[in-house]
>>> print(open('coords17.txt').read())   # compact mmCIF, C-alpha atoms and all ligand atoms
# COMPACT_ATOMS: atom_id res chain seq x y z
CA ASP A 72 -7.21 -17.42 93.62
CA SER A 73 -10.93 -16.75 93.74
CA ALA A 74 -13.22 -18.14 91.06
CA ALA A 75 -13.70 -14.63 89.72
CA GLY A 76 -9.94 -14.19 89.52
CA ALA A 77 -9.68 -17.36 87.50
CA THR A 78 -12.25 -16.31 84.91
CA VAL A 79 -11.04 -12.70 84.51
CA PRO A 80 -7.29 -13.03 85.08
CA LEU A 81 -6.59 -9.65 83.47
CA ALA A 82 -9.28 -7.63 85.26
CA GLY A 83 -7.94 -4.14 85.96
CA LYS A 84 -4.95 -4.68 83.67
CA ILE A 85 -4.08 -2.63 80.60
CA VAL A 86 -2.67 -4.59 77.68
CA ALA A 87 -1.27 -2.84 74.60
CA ILE A 88 -1.22 -4.94 71.44
CA SER A 89 0.31 -3.96 68.10
CA ALA A 90 -0.88 -5.78 65.00
CA GLY A 91 -0.68 -5.89 61.23
CA GLY A 92 2.21 -4.92 59.00
CA THR A 93 3.93 -1.63 58.37
CA ARG A 94 4.26 -0.11 54.90
CA GLU A 95 7.29 1.90 53.88
CA PRO A 96 6.54 4.22 50.97
CA LEU A 97 8.77 4.51 47.90
CA ASP A 98 6.66 7.04 46.07
CA PRO A 99 2.99 8.15 46.29
CA VAL A 100 1.70 4.86 44.83
CA ARG A 101 4.24 2.22 45.95
CA TYR A 102 5.47 0.77 49.19
CA LEU A 103 7.51 -2.04 50.71
CA GLY A 104 5.21 -4.16 52.80
CA ASN A 105 4.82 -7.61 54.28
CA ARG A 106 2.22 -10.33 54.39
CA SER A 107 0.99 -9.89 57.96
CA SER A 108 -2.82 -9.97 57.97
CA GLY A 109 -3.31 -8.71 61.52
CA ARG A 110 -5.39 -11.78 62.37
CA GLN A 111 -3.14 -12.99 65.18
CA GLY A 112 -3.22 -9.52 66.76
CA ILE A 113 -7.01 -9.47 66.56
CA ALA A 114 -7.20 -12.89 68.20
CA LEU A 115 -4.90 -11.63 70.96
CA ALA A 116 -7.06 -8.55 71.50
CA LYS A 117 -10.22 -10.64 71.75
CA ALA A 118 -8.59 -13.04 74.21
CA ALA A 119 -7.31 -10.14 76.32
CA LEU A 120 -10.77 -8.53 76.33
CA ALA A 121 -12.33 -11.86 77.32
CA ALA A 122 -9.82 -12.06 80.18
CA GLY A 123 -11.06 -8.69 81.43
CA ALA A 124 -8.24 -6.42 80.23
CA THR A 125 -8.48 -2.91 78.87
CA VAL A 126 -6.95 -3.29 75.42
CA ARG A 127 -5.03 -0.57 73.60
CA PHE A 128 -4.82 -1.81 70.02
CA ILE A 129 -2.25 -0.26 67.71
CA ALA A 130 -3.07 -1.27 64.15
CA ALA A 131 -0.67 -1.07 61.25
CA HIS A 132 -2.07 -2.31 57.92
CA MET A 133 -4.47 -5.21 58.35
CA ASP A 134 -6.64 -7.31 56.00
CA VAL A 135 -9.49 -7.28 58.50
CA PRO A 136 -10.94 -4.58 60.76
CA ALA A 137 -9.84 -4.11 64.37
CA PRO A 138 -12.11 -5.79 66.93
CA ALA A 139 -14.83 -3.90 68.78
CA GLY A 140 -14.16 -2.89 72.34
CA VAL A 141 -10.52 -1.83 72.03
CA GLU A 142 -8.94 1.61 72.33
CA LEU A 143 -7.75 1.92 68.73
CA SER A 144 -4.85 3.83 67.26
CA THR A 145 -3.41 3.38 63.78
CA ALA A 146 -0.04 3.71 62.08
CA SER A 147 1.36 3.09 58.62
CA THR A 148 5.16 3.16 58.71
CA ALA A 149 7.49 1.65 61.30
CA ARG A 150 8.38 5.10 62.56
CA GLN A 151 4.72 6.04 62.96
CA LEU A 152 4.10 2.73 64.70
CA GLN A 153 6.95 3.47 67.10
CA VAL A 154 5.29 6.73 68.14
CA ALA A 155 1.87 5.11 68.59
CA VAL A 156 3.17 2.02 70.41
CA THR A 157 5.33 4.06 72.76
CA GLU A 158 2.34 6.21 73.68
CA ALA A 159 0.08 3.17 74.19
CA ALA A 160 2.74 1.35 76.22
CA ARG A 161 2.97 4.13 78.80
CA GLY A 162 1.10 3.03 81.89
CA ALA A 163 0.20 -0.37 80.41
CA ASP A 164 0.82 -3.59 82.33
CA ALA A 165 1.86 -5.50 79.24
CA LEU A 166 2.84 -4.80 75.64
CA ILE A 167 2.45 -7.49 73.01
CA MET A 168 4.29 -6.67 69.78
CA SER A 169 2.53 -8.84 67.24
CA ALA A 170 2.95 -6.28 64.45
CA ALA A 171 5.26 -7.17 61.59
CA VAL A 172 7.57 -4.17 61.54
CA ALA A 173 9.64 -3.48 58.42
CA ASP A 174 13.30 -3.75 59.35
CA PHE A 175 14.23 -1.39 56.51
CA ARG A 176 12.70 1.49 54.61
CA PRO A 177 13.69 3.12 51.34
CA ALA A 178 16.42 5.67 52.06
CA GLU A 179 14.48 8.27 50.14
CA TYR A 180 10.86 8.91 49.42
CA VAL A 181 10.27 10.21 45.90
CA ASP A 182 7.32 12.57 46.04
CA SER A 183 6.18 11.97 42.47
CA LYS A 184 5.58 8.58 40.82
CA ILE A 185 8.84 6.91 39.79
CA LYS A 186 8.99 6.49 35.98
CA LYS A 187 10.81 3.95 33.84
CA SER A 188 13.90 5.64 32.44
CA ASP A 189 14.67 5.75 28.69
CA ASP A 190 18.08 4.12 29.09
CA HIS A 191 16.50 0.88 30.43
CA ALA A 192 18.83 0.94 33.42
CA ASP A 193 17.81 -1.33 36.32
CA PRO A 194 16.75 0.87 39.21
CA VAL A 195 18.43 0.43 42.59
CA ILE A 196 16.58 1.06 45.84
CA THR A 197 18.76 1.87 48.82
CA LEU A 198 17.35 0.78 52.17
CA VAL A 199 18.10 2.09 55.66
CA ARG A 200 17.35 0.48 59.02
CA ASN A 201 14.15 1.29 60.85
CA PRO A 202 14.20 1.73 64.62
CA ASP A 203 13.61 -1.46 66.63
CA ILE A 204 10.46 -0.50 68.53
CA LEU A 205 10.55 -3.36 71.01
CA ALA A 206 14.28 -3.19 71.76
CA THR A 207 14.07 0.59 72.19
CA LEU A 208 11.25 0.23 74.74
CA VAL A 209 13.21 -2.42 76.65
CA ALA A 210 16.24 -0.12 76.70
CA ASP A 211 14.17 2.92 77.74
CA ARG A 212 12.57 0.91 80.52
CA THR A 213 15.99 0.08 81.90
CA ALA A 214 17.12 3.70 81.73
CA ALA A 215 16.58 5.76 84.87
CA GLY A 216 13.49 7.93 85.01
CA SER A 217 10.97 6.21 82.76
CA ALA A 218 11.12 2.77 84.36
CA GLY A 219 7.77 2.92 86.16
CA GLU A 220 5.84 4.09 83.12
CA LEU A 221 6.75 1.31 80.73
CA PRO A 222 5.21 -2.18 80.92
CA PRO A 223 6.92 -4.70 83.20
CA LEU A 224 5.91 -7.35 80.70
CA ILE A 225 6.96 -6.96 77.08
CA VAL A 226 6.12 -9.78 74.67
CA GLY A 227 7.71 -10.15 71.25
CA PHE A 228 6.59 -12.25 68.34
CA ALA A 229 9.24 -13.83 66.15
CA ALA A 230 8.46 -15.29 62.78
CA GLU A 231 11.33 -17.64 62.10
CA THR A 232 12.36 -20.12 59.47
CA GLY A 233 15.08 -22.58 60.33
CA ASP A 234 18.04 -22.91 58.00
CA ALA A 235 21.24 -24.93 57.63
CA GLU A 236 22.83 -23.16 60.61
CA ALA A 237 20.13 -23.44 63.29
CA GLY A 238 16.53 -24.44 63.98
CA VAL A 239 13.55 -22.22 64.63
CA LEU A 240 13.78 -22.53 68.43
CA GLU A 241 17.53 -21.87 68.55
CA TYR A 242 16.98 -18.67 66.62
CA GLY A 243 14.06 -17.84 68.94
CA ALA A 244 16.11 -18.31 72.11
CA ALA A 245 18.90 -16.13 70.72
CA LYS A 246 16.37 -13.46 69.73
CA LEU A 247 14.74 -13.47 73.20
CA LYS A 248 18.17 -12.75 74.74
CA ARG A 249 19.04 -10.11 72.16
CA LYS A 250 15.73 -8.27 72.51
CA GLY A 251 15.71 -8.33 76.32
CA CYS A 252 11.94 -8.80 76.58
CA GLU A 253 10.17 -11.13 79.04
CA MET A 254 8.43 -13.43 76.56
CA LEU A 255 8.91 -14.35 72.93
CA VAL A 256 6.26 -16.15 70.89
CA VAL A 257 8.16 -18.06 68.25
CA ASN A 258 6.28 -18.81 65.11
CA GLU A 259 7.49 -21.01 62.27
CA VAL A 260 6.81 -19.32 58.96
CA GLY A 261 7.05 -20.21 55.30
CA GLU A 262 5.16 -19.60 52.08
CA ASN A 263 2.04 -21.48 53.16
CA LEU A 264 2.44 -21.35 56.93
CA THR A 265 0.96 -18.70 59.21
CA PHE A 266 0.62 -15.59 57.06
CA GLY A 267 -2.99 -15.09 56.05
CA THR A 268 -4.09 -18.49 57.31
CA ASP A 269 -6.11 -19.48 60.34
CA GLU A 270 -3.79 -22.19 61.60
CA ASN A 271 -0.77 -21.53 63.69
CA SER A 272 1.86 -23.31 65.74
CA VAL A 273 4.01 -21.44 68.23
CA THR A 274 6.38 -21.92 71.13
CA ILE A 275 6.32 -19.36 73.94
CA LEU A 276 9.77 -18.76 75.44
CA PHE A 277 10.29 -17.05 78.82
CA ALA A 278 13.30 -14.95 79.81
CA ASP A 279 13.01 -16.04 83.46
CA GLY A 280 13.78 -19.60 82.49
CA ALA A 281 10.25 -20.99 82.91
CA ALA A 282 9.54 -24.01 80.73
CA ALA A 283 8.57 -23.22 77.15
CA VAL A 284 4.88 -23.53 76.28
CA HIS A 285 3.82 -25.05 72.96
CA ALA A 286 0.52 -24.03 71.44
CA SER A 287 -1.03 -24.90 68.12
CA GLY A 288 -4.40 -24.70 66.48
CA SER A 289 -6.40 -21.74 65.33
CA LYS A 290 -5.08 -18.24 65.89
CA ASP A 291 -7.74 -17.94 68.61
CA GLU A 292 -6.33 -20.98 70.41
CA VAL A 293 -2.79 -19.67 70.13
CA ALA A 294 -3.94 -16.27 71.38
CA ALA A 295 -5.63 -17.88 74.38
CA SER A 296 -2.34 -19.57 75.30
CA VAL A 297 -0.38 -16.34 74.97
CA ILE A 298 -2.92 -14.36 77.03
CA ASP A 299 -2.96 -17.14 79.60
CA ALA A 300 0.83 -16.83 79.91
CA VAL A 301 0.50 -13.04 80.18
CA GLY A 302 -2.09 -13.46 82.96
CA ARG A 303 0.17 -15.82 84.89
CA ALA A 304 3.16 -13.50 84.49
CA LEU A 305 1.15 -10.53 85.79
CA ALA A 306 -0.45 -12.45 88.67
CA PRO A 307 0.78 -11.36 92.12
CA ALA A 308 1.99 -14.88 92.92
CA ARG A 309 4.15 -15.68 89.91
CA ARG A 310 3.71 -19.08 88.26
N1 LIG A 401 10.13 -5.49 66.11
C1 LIG A 401 10.09 -4.16 66.46
N2 LIG A 401 10.71 -3.24 65.66
C2 LIG A 401 11.37 -3.61 64.54
C3 LIG A 401 11.41 -4.97 64.18
C4 LIG A 401 10.79 -5.89 64.99
O1 LIG A 401 9.51 -3.83 67.49
N3 LIG A 401 11.95 -2.69 63.79
C5 LIG A 401 9.47 -6.46 66.98
C6 LIG A 401 8.39 -7.26 66.30
O2 LIG A 401 7.12 -6.64 66.44
C7 LIG A 401 8.44 -8.58 67.07
C8 LIG A 401 9.89 -8.69 67.49
O3 LIG A 401 10.44 -7.39 67.38
O4 LIG A 401 7.66 -8.56 68.23
C9 LIG A 401 10.69 -9.65 66.69
O5 LIG A 401 10.62 -9.30 65.34
P1 LIG A 401 11.60 -9.99 64.30
O6 LIG A 401 11.40 -9.41 62.96
O7 LIG A 401 11.47 -11.46 64.46
O8 LIG A 401 13.01 -9.58 64.93
P2 LIG A 401 14.24 -8.80 64.32
O9 LIG A 401 15.01 -8.30 65.50
O10 LIG A 401 13.80 -7.78 63.34
O11 LIG A 401 15.10 -9.92 63.68
P3 LIG A 401 15.22 -10.45 62.14
O12 LIG A 401 16.50 -9.90 61.65
O13 LIG A 401 15.23 -11.95 62.31
O14 LIG A 401 14.03 -9.95 61.38
CA CA A 402 12.54 -8.24 61.49
>>> encode(input="coords17.txt", output="structure tokens")
Amino acid sequence: DSAAGATVPLAGKIVAISAGGTREPLDPVRYLGNRSSGRQGIALAKAALAAGATVRFIAAHMDVPAPAGVELSTASTARQLQVAVTEAARGADALIMSAAVADFRPAEYVDSKIKKSDDHADPVITLVRNPDILATLVADRTAAGSAGELPPLIVGFAAETGDAEAGVLEYGAAKLKRKGCEMLVVNEVGENLTFGTDENSVTILFADGAAAVHASGSKDEVAASVIDAVGRALAPARR
């Protein structure tokens, strides 16, 4: 590679990055949300810009504003995010799904504010599954016809906690297989880990069997490692 190629590994590449957390409305004033701040997505966007990429940034709800220099689109619910991500992914070289997408939404939206009832009954909220944006794109890419339009490199983010059954990385490896994407950035989460903080520790898993990459430090440092892996995956001579 030339020196220029080494400093701008993503020159001429289009990278779509989703970030933040979706909100699923219950009524006009309430929603089901999550604690994603959007900071990791912003760090990814900055690293991709620094690497010379054109960045399409799809922002769900974030605590901080989107970075300058990106092509910005916004979404609130998972279904809106699916529309925006699918549009941004078309013609992109890579899609990085760092958004925290609600797996479920309230089955019904009540269009006036829900009141306490006089009988003091405990309310029950029924949830239904949201579409899996990433898995749908992987499936659509495989289907005849749209293959060339969708990114050859799709990167998922998985926030995992280990439990009695399996560890964080075992769950990550299983999720990488299940999702069918090329890379999965596995992130250990808990009350005081990751969400809303500046420190992070991740393991990047590759579907092609390449050795896992560990990265920890600030979200900027983690982002640099992820973008570096994206650059190597998109380089003409693979790893
Ligand atoms: N994702 C998505 N659409 C969803 C849920 C998740 O595109 N409805 C994406 C996330 O943006 C992330 C990846 O899938 O890049 C993994 O998300 P995660 O919540 O860890 O995976 P799930 O398949 O939802 O598994 P779990 O039941 O563990 O939440
Ligand atoms: Ca999920």
>>> residues_around(input="coords17.txt", residues="region 93-96 of chain A", least_positions_apart="4", cutoff="10 Å", atoms="all atoms listed in the file", output="JSON, numbers by chain")
{"A": [100, 101, 102, 103, 104, 105, 106, 107, 130, 131, 132, 133, 146, 147, 148, 149, 150, 151, 152, 170, 171, 172, 173, 174, 175, 176, 177, 179, 180, 181, 182, 201]}
>>> residues_near_ligand(input="coords17.txt", ligand="ligand LIG 401 (chain A)", cutoff="9 Å", atoms="all atoms listed in the file", output="VMD selection string")
chain A and resid 89 to 90 149 to 150 152 to 153 167 to 175 200 to 208 226 to 231 242 to 243 246 to 247 249 to 250 255 to 257
>>> residues_near_point(input="coords17.txt", point="(7.0, 5.6, 78.9)", cutoff="9 Å", atoms="only C-alpha atoms", output="PyMOL selection string")
chain A and resi 157-162+208+211-212+217-222
>>> closest_residue(input="coords17.txt", among="A:Ala82, A:Ala300, A:Val260, A:Leu143", to="Gly123 (chain A)", atoms="only C-alpha atoms")
A:Ala82
>>> residues_around(input="coords17.txt", residues="Glu142 (chain A)", least_positions_apart="6", cutoff="8 Å", atoms="only C-alpha atoms", output="count of residues only")
4
>>> closest_residue(input="coords17.txt", among="A:Ser144, A:Gly92, A:Gly83, A:Leu97", to="ligand CA 402 (chain A)", atoms="only C-alpha atoms and all ligand atoms")
A:Gly92
>>> atom_distance(input="coords17.txt", atom1="CA of Leu81 (chain A)", atom2="CA of Arg303 (chain A)")
9.3 Å
>>> atom_distance(input="coords17.txt", atom1="CA of Ala281 (chain A)", atom2="CA of Gly109 (chain A)")
28.1 Å
>>> residues_around(input="coords17.txt", residues="Ala114 (chain A)", least_positions_apart="6", cutoff="7 Å", atoms="only C-alpha atoms", output="number ranges by chain")
A: 290-291, 294
>>> atom_distance(input="coords17.txt", atom1="CA of Asn258 (chain A)", atom2="CA of Ser272 (chain A)")
6.3 Å
>>> residues_near_point(input="coords17.txt", point="(-1.0, -14.2, 84.1)", cutoff="12 Å", atoms="all atoms listed in the file", output="ChimeraX atom specification")
/A:72,76-82,84,86,119,122-124,164-165,224,295-310
>>> build_atoms(input="coords17.txt", residues="region 83-111 of chain A", atoms="N, CA and C atoms", output="PDB file, in the coordinates of the input")
ATOM      1  N   GLY A  83      -8.696  -5.283  85.439  1.00  0.00           N
ATOM      2  CA  GLY A  83      -7.940  -4.140  85.960  1.00  0.00           C
ATOM      3  C   GLY A  83      -6.594  -3.932  85.273  1.00  0.00           C
ATOM      4  N   LYS A  84      -6.245  -4.806  84.354  1.00  0.00           N
ATOM      5  CA  LYS A  84      -4.950  -4.680  83.670  1.00  0.00           C
ATOM      6  C   LYS A  84      -5.128  -3.997  82.314  1.00  0.00           C
ATOM      7  N   ILE A  85      -4.101  -3.270  81.916  1.00  0.00           N
ATOM      8  CA  ILE A  85      -4.080  -2.630  80.600  1.00  0.00           C
ATOM      9  C   ILE A  85      -3.068  -3.371  79.724  1.00  0.00           C
ATOM     10  N   VAL A  86      -3.543  -3.860  78.598  1.00  0.00           N
ATOM     11  CA  VAL A  86      -2.670  -4.590  77.680  1.00  0.00           C
ATOM     12  C   VAL A  86      -2.636  -3.863  76.335  1.00  0.00           C
ATOM     13  N   ALA A  87      -1.444  -3.468  75.916  1.00  0.00           N
ATOM     14  CA  ALA A  87      -1.270  -2.840  74.600  1.00  0.00           C
ATOM     15  C   ALA A  87      -0.850  -3.906  73.602  1.00  0.00           C
ATOM     16  N   ILE A  88      -1.491  -3.919  72.450  1.00  0.00           N
ATOM     17  CA  ILE A  88      -1.220  -4.940  71.440  1.00  0.00           C
ATOM     18  C   ILE A  88      -1.028  -4.263  70.083  1.00  0.00           C
ATOM     19  N   SER A  89       0.124  -4.464  69.462  1.00  0.00           N
ATOM     20  CA  SER A  89       0.310  -3.960  68.100  1.00  0.00           C
ATOM     21  C   SER A  89       0.029  -5.095  67.128  1.00  0.00           C
ATOM     22  N   ALA A  90      -0.482  -4.744  65.952  1.00  0.00           N
ATOM     23  CA  ALA A  90      -0.880  -5.780  65.000  1.00  0.00           C
ATOM     24  C   ALA A  90      -0.774  -5.278  63.566  1.00  0.00           C
ATOM     25  N   GLY A  91      -0.744  -6.234  62.648  1.00  0.00           N
ATOM     26  CA  GLY A  91      -0.680  -5.890  61.230  1.00  0.00           C
ATOM     27  C   GLY A  91       0.746  -5.665  60.766  1.00  0.00           C
ATOM     28  N   GLY A  92       0.881  -5.139  59.573  1.00  0.00           N
ATOM     29  CA  GLY A  92       2.210  -4.920  59.000  1.00  0.00           C
ATOM     30  C   GLY A  92       2.424  -3.483  58.600  1.00  0.00           C
ATOM     31  N   THR A  93       3.643  -3.012  58.771  1.00  0.00           N
ATOM     32  CA  THR A  93       3.930  -1.630  58.370  1.00  0.00           C
ATOM     33  C   THR A  93       4.141  -1.568  56.853  1.00  0.00           C
ATOM     34  N   ARG A  94       3.977  -0.386  56.306  1.00  0.00           N
ATOM     35  CA  ARG A  94       4.260  -0.110  54.900  1.00  0.00           C
ATOM     36  C   ARG A  94       5.223   1.058  54.826  1.00  0.00           C
ATOM     37  N   GLU A  95       6.248   0.880  54.010  1.00  0.00           N
ATOM     38  CA  GLU A  95       7.290   1.900  53.880  1.00  0.00           C
ATOM     39  C   GLU A  95       7.230   2.458  52.469  1.00  0.00           C
ATOM     40  N   PRO A  96       6.782   3.695  52.307  1.00  0.00           N
ATOM     41  CA  PRO A  96       6.540   4.220  50.970  1.00  0.00           C
ATOM     42  C   PRO A  96       7.816   4.500  50.165  1.00  0.00           C
ATOM     43  N   LEU A  97       7.705   4.194  48.860  1.00  0.00           N
ATOM     44  CA  LEU A  97       8.770   4.510  47.900  1.00  0.00           C
ATOM     45  C   LEU A  97       8.439   5.781  47.143  1.00  0.00           C
ATOM     46  N   ASP A  98       7.175   5.867  46.778  1.00  0.00           N
ATOM     47  CA  ASP A  98       6.660   7.040  46.070  1.00  0.00           C
ATOM     48  C   ASP A  98       5.167   7.087  46.399  1.00  0.00           C
ATOM     49  N   PRO A  99       4.397   8.033  45.847  1.00  0.00           N
ATOM     50  CA  PRO A  99       2.990   8.150  46.290  1.00  0.00           C
ATOM     51  C   PRO A  99       2.141   6.897  46.035  1.00  0.00           C
ATOM     52  N   VAL A 100       2.555   6.009  45.142  1.00  0.00           N
ATOM     53  CA  VAL A 100       1.700   4.860  44.830  1.00  0.00           C
ATOM     54  C   VAL A 100       2.342   3.510  45.182  1.00  0.00           C
ATOM     55  N   ARG A 101       3.566   3.498  45.700  1.00  0.00           N
ATOM     56  CA  ARG A 101       4.240   2.220  45.950  1.00  0.00           C
ATOM     57  C   ARG A 101       4.824   2.172  47.355  1.00  0.00           C
ATOM     58  N   TYR A 102       4.883   0.938  47.865  1.00  0.00           N
ATOM     59  CA  TYR A 102       5.470   0.770  49.190  1.00  0.00           C
ATOM     60  C   TYR A 102       6.142  -0.584  49.307  1.00  0.00           C
ATOM     61  N   LEU A 103       6.999  -0.728  50.304  1.00  0.00           N
ATOM     62  CA  LEU A 103       7.510  -2.040  50.710  1.00  0.00           C
ATOM     63  C   LEU A 103       6.652  -2.488  51.873  1.00  0.00           C
ATOM     64  N   GLY A 104       6.085  -3.671  51.738  1.00  0.00           N
ATOM     65  CA  GLY A 104       5.210  -4.160  52.800  1.00  0.00           C
ATOM     66  C   GLY A 104       5.517  -5.597  53.145  1.00  0.00           C
ATOM     67  N   ASN A 105       4.657  -6.200  53.940  1.00  0.00           N
ATOM     68  CA  ASN A 105       4.820  -7.610  54.280  1.00  0.00           C
ATOM     69  C   ASN A 105       3.452  -8.267  54.335  1.00  0.00           C
ATOM     70  N   ARG A 106       3.462  -9.563  54.542  1.00  0.00           N
ATOM     71  CA  ARG A 106       2.220 -10.330  54.390  1.00  0.00           C
ATOM     72  C   ARG A 106       1.459 -10.526  55.699  1.00  0.00           C
ATOM     73  N   SER A 107       1.749  -9.748  56.718  1.00  0.00           N
ATOM     74  CA  SER A 107       0.990  -9.890  57.960  1.00  0.00           C
ATOM     75  C   SER A 107      -0.459  -9.445  57.740  1.00  0.00           C
ATOM     76  N   SER A 108      -1.397 -10.279  58.167  1.00  0.00           N
ATOM     77  CA  SER A 108      -2.820  -9.970  57.970  1.00  0.00           C
ATOM     78  C   SER A 108      -3.425  -9.222  59.139  1.00  0.00           C
ATOM     79  N   GLY A 109      -2.756  -9.294  60.297  1.00  0.00           N
ATOM     80  CA  GLY A 109      -3.310  -8.710  61.520  1.00  0.00           C
ATOM     81  C   GLY A 109      -4.191  -9.663  62.298  1.00  0.00           C
ATOM     82  N   ARG A 110      -4.440 -10.852  61.726  1.00  0.00           N
ATOM     83  CA  ARG A 110      -5.390 -11.780  62.370  1.00  0.00           C
ATOM     84  C   ARG A 110      -4.917 -12.274  63.740  1.00  0.00           C
ATOM     85  N   GLN A 111      -3.608 -12.516  63.876  1.00  0.00           N
ATOM     86  CA  GLN A 111      -3.140 -12.990  65.180  1.00  0.00           C
ATOM     87  C   GLN A 111      -3.315 -11.889  66.233  1.00  0.00           C
TER      88      GLN A 111
END
